[in-house]
Amino acid sequence: MSDVDAAKPISLHLDSVAQGHCGLSVGAGGNAAEAATVCFFENGHMARTELTITGSESALVEVNWTDPTPAICRSHNDHQDATKDGAVAIAALCAPILFGKKVGQQSKKGTGFDYYLESNDGFLFQNAVALEISGILCNRDDIEPRVRQKIRQVQKGGAMLDTRVLVVEFSTPCARTAKP
Amino acid sequence: MTPEMKSTAEHQHKRAMEIAELAVKKSGEKEHELASVLYAAALQHEMSVVNLLRDQYDIEPSRSIICRSAATLALDCGKIDDAERIAATGLAGNAPPEIASELRDILFEVQYLRHVGASPAMSEDVVRLTISGPAIVGHRIDPEVFFPRIEAMYSIISRVQEKLQNRHFRPSSRRLKSLTEELPVQVEPSINGEFGVDFHTRIQQPRLKMDNQSDDGVANSTLRVISDVSEGRKNSLMKFCNRDEAYYRYFVATVRSLLPDGKKVKNVGVFTKDKQLNRVGVKLTYASKTQSKTMSLVKKEQSHVQAVGVLSGAVQVGSQRKSRVKVTTVVDGETSDQSFTVPAGITSEFLAKYWNANVIVTGISRKNALPVLDDIDFVQL
């Protein structure tokens, strides 16, 4: 049995993301947390869901959440967006355990946002670690290819910024971390 | 920078991102006017940070990340001149390579949007295809990115015409003679480093009976098909195809040939005019490739087979039974083959670029029969 299997899961609540305690603003965190509950709900999980994280950083967490209302489900009915936003919520929730830091900054990029762990330097993005976050709604077989794809993406870009990759899969559920 | 300036910069950036998050949410809820106002407000806050960091060349990567953020917000506001200036400001510093690449992408986007604004008027029977990216330099274009996309576009329009006529899907790639006479092509010279090609179709085609299902005409129907694939709208495309899986597969495969590769081609646009003569169009980006992957016909309860290796085989026109491909994999000196049948809708023309190449093939498993080819892509090295 691995260290992750033997450990007792760390209990976390998505409400802390929604309330702005995990580095995201209340607005952003609320949206992301809702999306995560929709992703769990769509996969038939119960309100306390164990999630195993493996890779360059590992942890066993128990994510507590409440069933989304029909209105919440409707507002996140684009599964692609919901999966992306849901993964951001899980990343924000687990970042302190995995990386020892909260999500500190974000910046607008394309149609979405980039996320960075809070830096020791403290000013904007100086010495910050970039978080490459990706979500998969329901396909465990896609995790490894997605992690490889994200690593390639980071490395092709020149990779001067320190980056961590986190891919969340909601059906198992599980997550993988990698350091390109 | 003084501590006060740093504090101001952080506060303004945080405010910009809070407002931008709300703008994205409102945009998703189709409240576009409100989203527009919010994007403008976010940009104002972010610009104050750009101005504080403008001469601080040693504060990287913050300087270039802020410029990328502000330039993106400017695009969201439709302020393409501002986006260009801000991106150029970012590139004038010491941006890390990955951020510099994204700032250049914003400049390509600006080029593309300028062309869309400046293009001569089209009519509702014209479909315009535009291509932009590093493959276009001045008035020159890399033929390897240009010709396959022109061919793909021509093929899509031909098949849309046939579908609107309620014809059965033809396995042959050769264009129908009667349609060829109705589909002249006019090539536009490049404008601002971008190529545009106009495909003329005709609404009134008295010799060709058109299906009453669509009032859109060939040009708008073509745009709809391309949008459906690039945005992953399976049901919409299946409805247009009248549940004909051959047409469905053909359109998904051929539209994917149009998509940008993210390196030589950054943007591909397809435009026409609707009945009210408003310009309508779709912008295909590299991200559209991921969206188009959701168009697979594999059902949840079906299992799939995947093989990675070199592709060989043949597509026999008129004989689905004899149309097969084989993927040969060599691992530790051991060779293994996996064959797939090629379903109707996947033509030899589409598969031509994959022969003898390293590919990843996904097929739908079947009991006591070869799996059916569902998806194929080059192996990313």
# chains A, B, ... in the order shown; residues from 1 in each chain; ligands from 1
>>> interface_residues(of="chain B", to="chain A", cutoff="10 Å", atoms="only C-alpha atoms", output="MDAnalysis selection string")
chainID B and resid 3 6:7 9:11 13:22 24:25 28:29 46 59:73 75:76 95:103 105:106 232 291 294 300 380:381
>>> residues_around(residues="Phe271 in chain B", least_positions_apart="6", cutoff="10 Å", atoms="only C-alpha atoms", output="ChimeraX atom specification")
/B:116,122,124,126-130,198,219-220,222-223,279-283
>>> residues_around(residues="Ala89 in chain A", least_positions_apart="6", cutoff="9 Å", atoms="only C-alpha atoms", output="list of chain:residue names")
A:Leu14, A:Val17, A:Ala18, A:Cys22, A:Leu24, A:Gly29, A:Gly30, A:Asn31, A:Ala32, A:Ala33, A:Glu34, A:Ala35, A:Ala36
>>> write_last_selection(atoms="C-alpha atoms", output="compact mmCIF listing (two decimals), in the first residue's frame")
# COMPACT_ATOMS: atom_id res chain seq x y z
CA LEU A 14 -15.53 23.55 -1.24
CA VAL A 17 -13.14 28.23 -2.08
CA ALA A 18 -16.54 29.91 -2.50
CA CYS A 22 -8.28 29.81 -0.94
CA LEU A 24 -9.63 33.14 -5.46
CA GLY A 29 -14.29 31.10 -6.08
CA GLY A 30 -18.06 30.86 -5.91
CA ASN A 31 -18.31 30.14 -9.61
CA ALA A 32 -15.51 27.57 -9.53
CA ALA A 33 -16.87 25.81 -6.43
CA GLU A 34 -20.34 25.54 -7.99
CA ALA A 35 -18.80 24.09 -11.14
CA ALA A 36 -16.92 21.50 -9.08
>>> closest_residue(among="B:Asp337, B:Glu4, B:Glu349, B:Glu301", to="Ala314 in chain B", atoms="only C-alpha atoms")
B:Glu349
>>> residues_around(residues="Asn64 in chain A", least_positions_apart="6", cutoff="7 Å", atoms="only C-alpha atoms", output="PyMOL selection string")
chain A and resi 12-14+47-49
>>> select_by_dssp(residues="range 14-90 of chain B", states="helix (DSSP H, G or I)", output="ChimeraX atom specification")
/B:14-28,32-53,62-76,80-90
>>> select_by_dssp(residues="range 17-116 of chain A", states="strand (DSSP E)", output="list in words")
Arg48, Thr49, Glu50, Leu51, Thr52, Ile53, Thr54, Gly55, Ala59, Leu60, Val61, Glu62, Val63, Asn64, Val103, Gly104, Gln105, Gln106, Ser107, Lys108, Lys109, Gly112, Phe113, Asp114, Tyr115 and Tyr116 of chain A
>>> atom_distance(atom1="CA of Asp244 in chain B", atom2="CA of Leu297 in chain B")
11.9 Å
>>> atom_distance(atom1="CA of Phe199 in chain B", atom2="CA of Tyr154 in chain B")
7.7 Å
